[in-house]
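This is input_1.txt (compact mmCIF, C-alpha atoms).
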# COMPACT_ATOMS: atom_id res chain seq x y z
CA MET A 180 52.95 -1.97 14.22
CA THR A 181 52.77 0.21 11.10
CA THR A 182 54.88 -0.66 8.08
CA ALA A 183 56.96 2.49 8.64
CA GLU A 184 57.70 1.42 12.22
CA LEU A 185 58.57 -2.08 11.03
CA LEU A 186 61.03 -0.69 8.47
CA ALA A 187 62.75 1.39 11.15
CA ARG A 188 63.08 -1.65 13.42
CA ALA A 189 64.49 -3.70 10.55
CA ARG A 190 67.19 -1.12 9.86
CA THR A 191 68.19 -1.10 13.53
CA ALA A 192 68.29 -4.90 13.60
CA LYS A 193 70.47 -4.93 10.47
CA ASP A 194 73.18 -2.90 12.18
CA ALA A 195 73.21 -5.21 15.21
CA LEU A 196 73.19 -8.36 13.06
CA ARG A 197 76.55 -7.46 11.53
CA TYR A 198 78.25 -8.38 14.83
CA ILE A 199 76.60 -11.79 15.27
CA GLU A 200 78.84 -14.81 14.72
CA ALA A 201 77.92 -17.34 12.03
CA SER A 202 77.80 -20.11 14.65
CA THR A 203 75.11 -18.22 16.58
CA LEU A 204 73.02 -17.86 13.43
CA THR A 205 73.34 -21.60 12.82
CA ASP A 206 72.26 -22.35 16.40
CA ALA A 207 69.30 -20.02 15.90
CA LEU A 208 68.18 -21.95 12.82
CA TYR A 209 68.18 -25.27 14.67
CA ALA A 210 66.16 -23.61 17.43
CA VAL A 211 63.74 -22.21 14.83
CA ALA A 212 63.23 -25.69 13.35
CA ASP A 213 62.44 -27.08 16.82
CA CYS A 214 60.00 -24.26 17.50
CA LEU A 215 58.16 -24.80 14.21
CA LEU A 216 57.48 -28.37 15.29
CA ALA A 217 56.58 -27.31 18.83
CA HIS A 218 54.06 -24.79 17.41
CA THR A 219 52.52 -27.25 14.92
CA ASP A 220 49.06 -27.17 16.50
CA ASP A 221 49.00 -23.35 16.57
CA ILE A 222 50.15 -23.15 12.94
CA LEU A 223 47.57 -25.71 11.80
CA SER A 224 44.77 -23.90 13.65
CA ALA A 225 45.69 -20.61 12.00
CA ASN A 226 45.98 -22.29 8.61
CA ALA A 227 42.55 -23.89 8.98
CA LEU A 228 41.05 -20.40 9.40
CA ASP A 229 42.90 -19.17 6.30
CA VAL A 230 41.72 -22.12 4.22
CA ALA A 231 38.12 -21.77 5.39
CA ALA A 232 38.09 -18.06 4.54
CA ALA A 233 39.65 -18.64 1.10
CA ARG A 234 37.53 -21.61 0.03
CA GLY A 235 35.14 -20.61 -2.72
CA SER A 236 37.15 -17.54 -3.72
CA ILE A 237 40.23 -19.34 -5.06
CA SER A 238 40.57 -22.60 -7.02
CA GLU A 239 41.08 -25.97 -5.38
CA VAL A 240 44.58 -26.08 -6.85
CA MET A 241 45.38 -22.80 -5.08
CA ILE A 242 43.76 -24.12 -1.90
CA ASP A 243 46.36 -26.89 -2.04
CA ARG A 244 49.11 -24.25 -2.16
CA LEU A 245 47.62 -22.55 0.88
CA SER A 246 47.02 -25.68 2.94
CA LEU A 247 49.40 -26.99 5.59
CA SER A 248 49.55 -30.40 7.23
CA ARG A 249 51.74 -31.95 9.91
CA GLU A 250 53.83 -33.46 7.12
CA ARG A 251 54.28 -30.10 5.40
CA ILE A 252 55.30 -28.42 8.65
CA GLU A 253 57.79 -31.22 9.25
CA GLY A 254 59.09 -30.51 5.75
CA MET A 255 59.41 -26.81 6.58
CA ALA A 256 61.41 -27.63 9.71
CA GLN A 257 63.62 -30.00 7.75
CA GLY A 258 64.24 -27.27 5.17
CA VAL A 259 65.37 -24.93 7.95
CA ARG A 260 67.74 -27.61 9.28
CA GLU A 261 69.17 -28.15 5.81
CA VAL A 262 69.91 -24.43 5.50
CA ALA A 263 71.49 -24.50 8.95
CA SER A 264 73.84 -27.27 7.84
CA LEU A 265 75.12 -25.31 4.84
CA GLU A 266 78.34 -23.32 4.93
CA SER A 267 77.79 -19.63 5.53
CA PRO A 268 78.67 -17.52 2.48
CA VAL A 269 79.45 -14.47 4.62
CA GLY A 270 83.15 -13.62 4.75
CA ARG A 271 84.06 -15.88 1.82
CA VAL A 272 86.92 -14.39 -0.18
CA LEU A 273 85.76 -14.39 -3.80
CA SER A 274 89.07 -13.16 -5.24
CA ARG A 275 92.41 -11.95 -3.92
CA THR A 276 94.97 -9.65 -5.53
CA GLN A 277 98.42 -9.07 -4.02
CA ARG A 278 100.01 -5.97 -5.49
CA ALA A 279 103.77 -5.50 -5.88
CA ASP A 280 103.68 -2.64 -3.35
CA GLY A 281 102.29 -5.00 -0.67
CA LEU A 282 98.64 -3.90 -0.90
CA LEU A 283 96.29 -6.88 -0.47
CA ILE A 284 92.85 -6.53 -2.12
CA GLU A 285 90.20 -9.11 -1.19
CA LYS A 286 86.75 -9.22 -2.77
CA THR A 287 84.65 -10.54 0.13
CA ALA A 288 81.02 -11.71 0.40
CA VAL A 289 78.86 -9.70 2.81
CA PRO A 290 75.11 -9.66 3.58
CA LEU A 291 72.81 -7.43 1.55
CA GLY A 292 71.26 -6.04 4.75
CA VAL A 293 67.45 -5.96 4.74
CA VAL A 294 65.69 -8.30 2.32
CA ALA A 295 61.94 -7.87 1.82
CA ILE A 296 59.81 -10.50 0.14
CA ILE A 297 56.25 -10.00 -1.08
CA TYR A 298 54.48 -13.30 -1.64
CA GLU A 299 50.97 -14.64 -1.93
CA SER A 300 49.36 -17.81 -0.64
CA ARG A 301 52.19 -20.26 0.14
CA PRO A 302 52.81 -20.29 3.90
CA ASN A 303 55.98 -22.38 3.60
CA VAL A 304 57.67 -19.42 1.88
CA THR A 305 57.61 -17.77 5.32
CA SER A 306 60.06 -20.20 6.90
CA ASP A 307 62.12 -20.70 3.73
CA ALA A 308 62.76 -16.97 3.34
CA ALA A 309 63.46 -16.45 7.03
CA ALA A 310 65.96 -19.33 7.13
CA LEU A 311 67.91 -18.17 4.09
CA CYS A 312 68.02 -14.57 5.28
CA LEU A 313 69.14 -15.56 8.77
CA LYS A 314 71.91 -17.90 7.57
CA SER A 315 73.24 -15.21 5.21
CA GLY A 316 73.18 -12.51 7.90
CA ASN A 317 70.22 -10.54 6.55
CA VAL A 318 67.15 -9.12 8.24
CA CYS A 319 63.98 -10.49 6.65
CA ILE A 320 60.76 -8.54 6.09
CA LEU A 321 57.84 -10.74 5.04
CA ARG A 322 54.69 -9.42 3.42
CA CYS A 323 52.24 -12.19 2.50
CA GLY A 324 48.84 -12.09 0.85
CA LYS A 325 45.70 -11.81 2.93
CA GLU A 326 44.78 -15.46 2.23
CA ALA A 327 47.83 -16.72 4.17
CA HIS A 328 48.27 -14.02 6.81
CA ARG A 329 47.05 -15.99 9.85
CA SER A 330 49.31 -18.89 8.89
CA ALA A 331 52.30 -16.59 8.34
CA ARG A 332 51.69 -14.89 11.69
CA ALA A 333 51.77 -18.21 13.52
CA ILE A 334 54.93 -19.26 11.68
CA VAL A 335 56.69 -15.97 12.42
CA ASP A 336 55.72 -16.25 16.09
CA ALA A 337 57.38 -19.68 16.17
CA ILE A 338 60.46 -18.31 14.41
CA GLY A 339 60.64 -15.46 16.93
CA ASP A 340 60.64 -17.97 19.79
CA GLY A 341 63.56 -19.76 18.18
CA LEU A 342 65.51 -16.51 17.81
CA ALA A 343 64.82 -15.60 21.43
CA MET A 344 66.10 -19.00 22.61
CA VAL A 345 69.63 -18.06 21.50
CA GLY A 346 69.39 -14.43 22.57
CA LEU A 347 68.66 -12.85 19.19
CA SER A 348 66.14 -10.10 18.49
CA ARG A 349 62.74 -11.02 17.07
CA ASP A 350 63.17 -8.02 14.77
CA ILE A 351 65.48 -10.08 12.56
CA VAL A 352 62.34 -11.66 11.04
CA LEU A 353 59.38 -9.29 10.74
CA LEU A 354 55.90 -9.76 9.26
CA VAL A 355 54.02 -6.82 7.75
CA GLU A 356 50.58 -6.68 9.35
CA ASP A 357 48.92 -4.62 6.61
CA THR A 358 47.89 -6.84 3.66
CA THR A 359 46.57 -4.00 1.49
CA ARG A 360 48.37 -2.62 -1.55
CA ALA A 361 49.55 0.30 0.57
CA SER A 362 52.07 -1.84 2.47
CA ALA A 363 53.36 -3.38 -0.75
CA ASN A 364 53.90 0.11 -2.14
CA GLU A 365 55.73 1.13 1.04
CA LEU A 366 58.15 -1.75 0.64
CA MET A 367 58.65 -1.00 -3.06
CA THR A 368 59.66 2.57 -2.26
CA ALA A 369 61.51 2.05 1.03
CA THR A 370 64.78 3.53 -0.19
CA GLY A 371 67.33 3.52 2.60
CA TYR A 372 65.51 0.75 4.46
CA VAL A 373 65.17 -2.18 2.02
CA ASP A 374 68.31 -3.39 0.25
CA LEU A 375 66.59 -5.97 -1.96
CA LEU A 376 62.92 -6.63 -2.76
CA ILE A 377 61.83 -10.04 -4.01
CA PRO A 378 58.27 -10.46 -5.32
CA ARG A 379 57.17 -14.09 -5.38
CA GLY A 380 53.77 -14.72 -6.90
CA GLY A 381 51.67 -14.18 -9.99
CA LYS A 382 52.34 -12.13 -13.08
CA GLY A 383 50.46 -9.08 -11.76
CA LEU A 384 52.43 -8.89 -8.50
CA ILE A 385 55.78 -9.25 -10.21
CA ALA A 386 54.92 -6.68 -12.90
CA ALA A 387 53.77 -4.19 -10.25
CA CYS A 388 57.01 -4.54 -8.30
CA VAL A 389 59.24 -4.28 -11.36
CA ALA A 390 57.33 -1.22 -12.60
CA ASN A 391 57.01 0.66 -9.32
CA ALA A 392 59.95 -0.30 -7.10
CA THR A 393 62.55 2.33 -6.35
CA VAL A 394 64.57 -0.20 -4.33
CA PRO A 395 66.57 -2.97 -6.06
CA CYS A 396 64.11 -5.66 -7.19
CA ILE A 397 64.49 -9.22 -8.47
CA GLN A 398 62.03 -10.39 -11.13
CA THR A 399 60.95 -13.89 -10.13
CA GLY A 400 58.56 -16.69 -10.50
CA THR A 401 56.24 -16.50 -13.49
CA GLY A 402 56.78 -19.81 -15.22
CA ILE A 403 55.54 -20.52 -18.72
CA CYS A 404 57.66 -23.67 -18.82
CA HIS A 405 57.95 -25.86 -21.92
CA VAL A 406 58.67 -29.50 -22.65
CA TYR A 407 59.75 -30.34 -26.20
CA VAL A 408 59.50 -33.99 -27.30
CA ASP A 409 61.96 -34.50 -30.13
CA ARG A 410 61.62 -36.98 -33.00
CA ASP A 411 64.45 -39.03 -31.45
CA ALA A 412 62.88 -39.22 -27.98
CA ASP A 413 62.15 -42.37 -26.02
CA LEU A 414 58.37 -41.91 -26.01
CA SER A 415 57.81 -43.82 -22.78
CA MET A 416 60.35 -41.58 -21.06
CA ALA A 417 58.75 -38.51 -22.62
CA LEU A 418 55.34 -39.52 -21.32
CA ARG A 419 56.65 -39.91 -17.75
CA ILE A 420 58.41 -36.55 -17.91
CA VAL A 421 55.41 -34.67 -19.31
CA GLU A 422 53.05 -36.25 -16.79
CA ASN A 423 55.32 -35.31 -13.89
CA ALA A 424 56.02 -31.80 -15.18
CA LYS A 425 52.31 -31.05 -15.60
CA THR A 426 50.47 -32.98 -12.89
CA SER A 427 52.72 -33.58 -9.87
CA ARG A 428 51.90 -30.09 -8.57
CA PRO A 429 50.33 -27.88 -11.24
CA SER A 430 50.04 -24.80 -9.02
CA VAL A 431 53.79 -24.10 -8.81
CA CYS A 432 55.95 -22.05 -11.13
CA ASN A 433 58.12 -24.95 -12.34
CA ALA A 434 55.14 -26.94 -13.64
CA ALA A 435 55.05 -27.29 -17.43
CA GLU A 436 52.39 -25.23 -19.19
CA VAL A 437 53.26 -25.91 -22.84
CA LEU A 438 54.09 -29.12 -24.70
CA LEU A 439 55.81 -29.00 -28.08
CA VAL A 440 55.84 -32.22 -30.12
CA ASP A 441 58.04 -32.86 -33.15
CA ALA A 442 55.86 -33.56 -36.21
CA PRO A 443 57.31 -36.98 -37.18
CA ILE A 444 56.30 -38.55 -33.85
CA ALA A 445 53.09 -36.57 -33.18
CA GLY A 446 50.87 -39.30 -34.61
CA ARG A 447 52.27 -41.84 -32.14
CA PHE A 448 52.95 -39.67 -29.10
CA LEU A 449 49.82 -37.53 -28.89
CA PRO A 450 47.41 -40.50 -28.53
CA MET A 451 49.68 -41.85 -25.76
CA LEU A 452 49.55 -38.43 -24.10
CA HIS A 453 45.77 -38.22 -24.35
CA ALA A 454 45.37 -41.67 -22.79
CA ARG A 455 47.72 -40.87 -19.90
CA LEU A 456 46.68 -37.30 -19.06
CA VAL A 457 42.98 -37.39 -19.96
CA GLU A 458 41.43 -40.85 -20.20
CA GLU A 459 43.31 -42.49 -17.30
CA ARG A 460 43.10 -39.52 -14.91
CA LEU A 461 39.63 -39.84 -13.44
CA GLU A 462 40.08 -37.32 -10.59
CA HIS A 463 42.02 -34.53 -12.33
CA PRO A 464 42.09 -35.00 -16.11
CA VAL A 465 44.24 -32.46 -17.91
CA GLU A 466 42.51 -30.13 -20.35
CA LEU A 467 44.63 -30.17 -23.51
CA ARG A 468 44.43 -26.95 -25.54
CA LEU A 469 45.53 -27.93 -29.02
CA ASP A 470 46.86 -26.07 -32.02
CA ALA A 471 45.42 -27.07 -35.41
CA ARG A 472 47.99 -29.78 -36.12
CA ALA A 473 47.59 -31.41 -32.70
CA ALA A 474 43.79 -31.19 -32.98
CA ALA A 475 43.99 -33.21 -36.18
CA VAL A 476 45.43 -36.11 -34.17
CA ILE A 477 43.57 -36.10 -30.81
CA ASP A 478 40.47 -34.58 -29.23
CA GLY A 479 40.74 -31.54 -26.99
CA THR A 480 40.00 -27.84 -26.71
CA ARG A 481 41.21 -25.68 -29.58
CA ALA A 482 43.94 -23.36 -28.33
CA GLY A 483 43.05 -19.69 -28.13
CA ALA A 484 45.21 -16.71 -28.99
CA ASP A 485 46.64 -16.42 -25.47
CA ASP A 486 47.04 -20.08 -24.50
CA PHE A 487 50.72 -20.25 -25.41
CA ASP A 488 51.39 -17.17 -23.27
CA THR A 489 49.49 -18.20 -20.14
CA GLU A 490 50.71 -19.56 -16.81
CA PHE A 491 47.69 -21.76 -16.07
CA LEU A 492 48.75 -23.06 -12.62
CA ASP A 493 46.07 -25.69 -13.12
CA TYR A 494 45.36 -28.99 -14.90
CA ILE A 495 45.59 -27.31 -18.30
CA MET A 496 48.30 -27.68 -20.94
CA ALA A 497 48.75 -26.01 -24.32
CA VAL A 498 50.00 -28.40 -27.03
CA LYS A 499 51.65 -27.50 -30.35
CA VAL A 500 53.16 -29.59 -33.13
CA VAL A 501 56.46 -28.17 -34.46
CA ASP A 502 58.86 -29.01 -37.27
CA GLY A 503 62.07 -29.90 -35.50
CA VAL A 504 64.28 -28.58 -32.73
CA ASP A 505 64.95 -25.18 -34.33
CA GLN A 506 61.23 -24.37 -34.53
CA ALA A 507 60.83 -25.52 -30.92
CA ILE A 508 63.67 -23.24 -29.82
CA ALA A 509 62.18 -20.29 -31.71
CA HIS A 510 58.76 -20.85 -30.13
CA ILE A 511 60.23 -21.14 -26.63
CA ASN A 512 62.42 -18.05 -26.90
CA HIS A 513 59.41 -16.06 -28.16
CA HIS A 514 56.84 -17.24 -25.59
CA SER A 515 58.84 -18.30 -22.53
CA THR A 516 59.19 -16.28 -19.33
CA GLY A 517 62.80 -17.47 -18.98
CA HIS A 518 62.12 -19.96 -16.19
CA SER A 519 62.58 -23.66 -17.13
CA GLU A 520 62.48 -25.61 -20.39
CA ALA A 521 63.12 -29.27 -21.22
CA ILE A 522 63.97 -31.36 -24.25
CA VAL A 523 63.35 -35.10 -24.38
CA THR A 524 65.65 -36.73 -26.92
CA ASP A 525 68.25 -39.44 -27.47
CA ASN A 526 69.97 -37.24 -30.05
CA ASP A 527 73.04 -35.59 -28.51
CA SER A 528 73.26 -33.04 -31.31
CA ALA A 529 69.65 -31.92 -30.79
CA ALA A 530 70.19 -31.73 -27.02
CA ALA A 531 73.34 -29.63 -27.47
CA ARG A 532 71.58 -27.29 -29.90
CA PHE A 533 68.65 -26.89 -27.47
CA THR A 534 70.76 -26.17 -24.40
CA ARG A 535 72.94 -23.70 -26.29
CA ALA A 536 70.09 -21.75 -27.88
CA VAL A 537 67.29 -21.72 -25.27
CA ASP A 538 67.60 -18.56 -23.16
CA SER A 539 66.09 -19.61 -19.81
CA ALA A 540 67.39 -19.91 -16.27
CA ALA A 541 67.20 -23.72 -16.23
CA VAL A 542 67.39 -25.96 -19.29
CA TYR A 543 66.84 -29.72 -18.96
CA VAL A 544 67.72 -32.71 -21.09
CA ASN A 545 65.57 -35.78 -20.40
CA ALA A 546 64.29 -34.53 -17.03
CA SER A 547 61.20 -32.81 -15.66
CA THR A 548 61.07 -29.04 -15.18
CA ARG A 549 59.80 -29.72 -11.65
CA PHE A 550 63.40 -29.93 -10.42
CA THR A 551 63.88 -26.14 -10.61
CA ASP A 552 63.80 -25.67 -6.86
CA GLY A 553 66.31 -24.55 -4.26
CA GLY A 554 66.02 -27.76 -2.27
CA GLU A 555 66.51 -29.94 -5.34
CA PHE A 556 69.52 -27.85 -6.40
CA GLY A 557 71.20 -28.32 -3.02
CA LEU A 558 70.47 -24.82 -1.71
CA GLY A 559 68.38 -26.03 1.26
CA CYS A 560 65.40 -23.99 0.04
CA GLU A 561 64.98 -20.83 -2.00
CA MET A 562 63.92 -17.21 -1.90
CA GLY A 563 62.39 -17.58 -5.33
CA ILE A 564 63.32 -18.38 -8.92
CA SER A 565 64.91 -15.40 -10.64
CA THR A 566 63.96 -15.12 -14.31
CA GLN A 567 66.25 -12.16 -14.92
CA LYS A 568 70.01 -12.18 -15.46
CA LEU A 569 71.33 -9.67 -12.90
CA HIS A 570 72.31 -10.17 -10.13
CA ALA A 571 70.79 -13.63 -9.71
CA ARG A 572 69.36 -16.23 -12.07
CA GLY A 573 67.41 -19.39 -11.26
CA PRO A 574 66.82 -20.62 -7.69
CA MET A 575 68.07 -18.02 -5.21
CA GLY A 576 69.90 -19.41 -2.20
CA LEU A 577 72.45 -18.13 0.29
CA THR A 578 75.01 -16.92 -2.25
CA GLU A 579 72.39 -14.80 -4.04
CA LEU A 580 71.50 -13.07 -0.75
CA CYS A 581 75.02 -11.66 -0.49
CA THR A 582 76.76 -8.82 -2.20
CA TYR A 583 80.48 -8.14 -1.87
CA GLN A 584 82.84 -5.46 -0.70
CA TYR A 585 86.56 -4.93 -1.27
CA ILE A 586 88.64 -5.22 1.88
CA VAL A 587 92.04 -3.65 1.23
CA ARG A 588 94.96 -4.20 3.63
CA GLY A 589 98.05 -2.04 3.46
CA GLN A 590 101.25 -1.23 5.30
CA GLY A 591 101.06 2.54 5.22
CA ASN A 592 100.58 2.55 1.44
CA ILE A 593 99.82 5.92 -0.15
CA ARG A 594 99.07 6.81 -3.75

Now that the file is in, can you turn its structure into structure tokens?
Amino acid sequence: MTTAELLARARTAKDALRYIEASTLTDALYAVADCLLAHTDDILSANALDVAAARGSISEVMIDRLSLSRERIEGMAQGVREVASLESPVGRVLSRTQRADGLLIEKTAVPLGVVAIIYESRPNVTSDAAALCLKSGNVCILRCGKEAHRSARAIVDAIGDGLAMVGLSRDIVLLVEDTTRASANELMTATGYVDLLIPRGGKGLIAACVANATVPCIQTGTGICHVYVDRDADLSMALRIVENAKTSRPSVCNAAEVLLVDAPIAGRFLPMLHARLVEERLEHPVELRLDARAAAVIDGTRAGADDFDTEFLDYIMAVKVVDGVDQAIAHINHHSTGHSEAIVTDNDSAAARFTRAVDSAAVYVNASTRFTDGGEFGLGCEMGISTQKLHARGPMGLTELCTYQYIVRGQGNIR
């Protein structure tokens, strides 16, 4: 199927989906979860081919993003079930105005229509996106990178079986077969067919979509996330938070890339950091890229000109010593991509100043940036992390996949 044919089928499916009851969509999601588990062997076989083809051309950290296991597929199915259990946002009355002349005006949530997502090498995005679109009454068009295409195909086949089990069209969830730039460009310019485009991947993909899309586009994902350790921090707590934010899964967008350390505690904290992230980590030690003040305290690589503006997605962290919370805020607001930032402190005044002044989608006090995730925020899963301010910000769940319309009820009213 060509991308043009797929777009036409999606538009047809969108019109039919408007008449489907929310209970049927919920039943479909439970069936999809069952089919993902039933197709586990097929999905793993396809994924093994993807991993074998990609090995040697992408880093081992990115191989981890690409790889599936029985446990990860079980997690995907559980994510679909969690979305199924959520209340549908469709039809929710957001506001109601009763006029003196009897006219009733209701601002009501409705599906966007056709949501397209362009993503790279994370196969689990396939089921997450499909589940959220289905629950919110949207048709989903998936366009993954070539590294994950076999895996995505097997997942979409399983999803299609689940849709068919409850009598729904397989065209509600469609996978673009062409993995060249041409198909991405077709989605970006599919005016009249795509109601929202969501790019989920690296800086280059997101920049290309934002620059070239003629359809509405959400800027997502790139995460130059910071942790600031304040002079009044519990240093043991700070060490746990930094270790988790950097090393628990360095290939994802909510992993910390930059550490800022307040000058009065740098002499104590940086040696603790070096011991935990470098000396004690025999398998994956973290490369610390240090500014001049940090380098005067511990050994590491001297930070280059671009290291505080780089999403490493690897066991690398840029480290800078700053003079207090205001300098930390200034650095973050200058270098951040607006994703997630954290302060570690026992000083309520410093925490309040940080949360008020840092201009990012998620701001943490004494917690890891790794929590910026739809599942962790109670959304079931997510379409992506929006780093812009309109119309969505932060993890995008069901509510963010709806727009609204005004339903106006009268009694023969005329103006």

- prompt: Which residues come within 6 Å of Ala435 (chain A), counting all atoms listed in the file, excluding same-chain residues fewer than 6 positions away, as a list in words?
  reply: Cys404, His405, Ala424 and Lys425 of chain A

message: Can you measure CA of Leu245 (chain A) to CA of Ala295 (chain A) for me? One decimal in Å is fine.
response: 20.5 Å

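Distances here use only C-alpha atoms; by that measure, the residue among A:Leu558, A:Ala507, A:Leu439, A:Ile199 closest to Gly346 (chain A) is A:Ile199.
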
- prompt: In Å, with one decimal, what is the gap from CA of Gly258 (chain A) to CA of Gly559 (chain A)?
  reply: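 Between CA of Gly258 (chain A) and CA of Gly559 (chain A) the gap works out to 5.8 Å.
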
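As for CA of Arg572 (chain A) and CA of Ile511 (chain A), they are spaced 17.9 Å apart.
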
- request: Using all atoms listed in the file, pick whichever of A:Ser306, A:Thr287, A:Thr203, A:Ser224 has the shortest atom-to-atom distance to Gly254 (chain A).
  value: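 Smallest separation from Gly254 (chain A) among the options: A:Ser306.
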
query: Between A:Ala541, A:Ala546, A:Ile377, A:Ile420, which one has atoms that come closest to Gly563 (chain A), using all atoms listed in the file?
result: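 Closest to Gly563 (chain A), using all atoms listed in the file: A:Ile377.
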
Nearest candidate to Ser362 (chain A) (options A:Thr276, A:Leu185, A:Gly316, A:Leu569; using only C-alpha atoms): A:Leu185

field: Distance query Ser565 (chain A) at most 8 Å, all atoms listed in the file, self and fewer than 3 positions along chain excluded, as a list in words
entry: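 Residues near the query, excluding close chain neighbours: Ile397, Gln398, Thr399, Gly400, His518, Ala540, Lys568, Ala571, Arg572, Gly573, Pro574 and Met575 of chain A.
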
- request: May I have the residues within 12 Å of region 470-476 of chain A as a PyMOL selection string, using all atoms listed in the file and disregarding those fewer than 3 positions away in the same chain?
  value: chain A and resi 437-453+467+479-487+496-502

- prompt: Out of A:Lys325, A:Lys382, A:Arg410, A:Arg275, which residue has the shortest atom-to-atom distance to Ala233 (chain A) when counting only C-alpha atoms?
  reply: A:Lys325
